[in-house]
Amino acid sequence: DALASDLISQCESDDVEPGVRESTFRAIAGVFAHGGAHISAPNVTRAIDATLRALASYSEGERTSASLALSRAFARAPADERASVVDALNAPSGCEHRQGTAEALCQISRANAALVMDEHASATLNALVRAAADDQSASKCAAARGLGALAGVSARELGASSPVLPKLLPVLTKLLRDATIDVRFAATRAIRVIIRSAGRSELSPFYDVFMPVLAECAVADKSGDVRKQAERAVYRVFNLQDGLEEALEHLRSGGTANAARGRLTDIALRQLAALPTQSDDEADTSVEADLMVSK
């Protein structure tokens, strides 16, 4: 608790340079991650207040590190204080602040997905959906990752009956069409997270929503990184490790899903089916990795 208090004091000072605060917030995140149970309630509140202020910083590194620290302090706060945090993140102002709050919502969702879905789902999801419509690519990337984490938890528990999938998959599908490579990459990665979480064939009721655009990304996106993520998503969602039968059944069924058939020809499907077996755990980096590596 004493270490956390000292670190928080550094971030509370206006005399500390943004680069120093960036490193300090990252250290605070680590302290909460490994010893959060021993940090007193007043210091949890101080950490939350300091990180919320830093989300409007002109320094991207400071905003990112503050988001990581906030995501860890969030889990140690009582329910009413967590609700106040989410409310604060629903009212950003200015370009930098919008990017900072989007990143904070992303990291809170990734580090505390089950808690958020149990107690703060509506406000958090609404804020992330708004961030996905922002004109800043950084906000849209953060929103995609956060939505993927929350939708993944819901899909893991409820499968195709998840009430959030019909609302969030169209948002992510729209991001698949974004002009910015980073946004398309984040969206395809988020869809991979949802596919992995939902389990075998659980997303089939939603193929009409996302499959035509995902197929386009897998076959024709100009970014190799986006294509790789999309290829893996198609591979897993159609269970191509078992052959082409499931894919062909859906692609020949007509409707909107049939629009993907123009891209997912038999040749393209055979090429995707020949991809080496690969864990879907790499669909998104771990929260712990974000604590160690600066963006």
# chains A, B, ... in the order shown; residues from 1 in each chain; ligands from 1
>>> residues_around(residues="A:Leu89", least_positions_apart="6", cutoff="8 Å", atoms="only C-alpha atoms", output="CSV table (one decimal) with all heavy atoms, in the first residue's frame")
chain,number,residue,atom,x,y,z
A,101,THR,N,-10.5,7.9,-23.3
A,101,THR,CA,-11.7,7.2,-22.7
A,101,THR,C,-12.0,5.9,-23.4
A,101,THR,O,-12.3,4.9,-22.8
A,101,THR,CB,-12.9,8.0,-22.6
A,101,THR,OG1,-13.2,8.5,-23.9
A,101,THR,CG2,-12.8,9.2,-21.7
A,102,ALA,N,-11.8,5.9,-24.7
A,102,ALA,CA,-12.0,4.7,-25.5
A,102,ALA,C,-11.0,3.6,-25.1
A,102,ALA,O,-11.3,2.4,-24.9
A,102,ALA,CB,-11.9,5.0,-27.0
A,104,ALA,N,-9.4,3.4,-22.2
A,104,ALA,CA,-9.8,3.0,-20.9
A,104,ALA,C,-10.9,2.0,-20.9
A,104,ALA,O,-10.9,1.0,-20.2
A,104,ALA,CB,-10.1,4.2,-20.0
A,105,LEU,N,-12.0,2.3,-21.6
A,105,LEU,CA,-13.1,1.4,-21.7
A,105,LEU,C,-12.6,0.0,-22.3
A,105,LEU,O,-13.0,-1.1,-21.8
A,105,LEU,CB,-14.2,1.9,-22.6
A,105,LEU,CG,-15.0,3.1,-22.1
A,105,LEU,CD1,-15.7,3.9,-23.2
A,105,LEU,CD2,-16.0,2.6,-21.1
A,127,ALA,N,-21.1,3.0,-24.4
A,127,ALA,CA,-19.9,3.9,-24.6
A,127,ALA,C,-19.0,3.4,-25.6
A,127,ALA,O,-18.4,4.1,-26.4
A,127,ALA,CB,-19.2,4.0,-23.2
>>> residues_around(residues="stretch 45-54 of chain A", least_positions_apart="2", cutoff="8 Å", atoms="only C-alpha atoms", output="PyMOL selection string")
chain A and resi 8+11-12+25+41-43+56-57+62-63+66-67+69-70+73-74+77+85
>>> residues_around(residues="A:Ile195", least_positions_apart="4", cutoff="7 Å", atoms="only C-alpha atoms", output="list in words")
Ile191, Gly199 and Val237 of chain A
>>> residues_around(residues="stretch 21-23 of chain A", least_positions_apart="4", cutoff="7 Å", atoms="only C-alpha atoms", output="count of residues only")
7
>>> atom_distance(atom1="atom CA of A:Phe185", atom2="atom CA of A:Ile28")
29.3 Å
>>> residues_around(residues="stretch 33-36 of chain A", least_positions_apart="4", cutoff="7 Å", atoms="only C-alpha atoms", output="compact mmCIF listing (two decimals) with C-alpha atoms, in the first residue's frame")
# COMPACT_ATOMS: atom_id res chain seq x y z
CA ALA A 29 -0.92 -1.04 -13.01
CA ARG A 72 -6.60 -2.73 -12.58
CA ARG A 76 -10.63 -3.18 -6.55
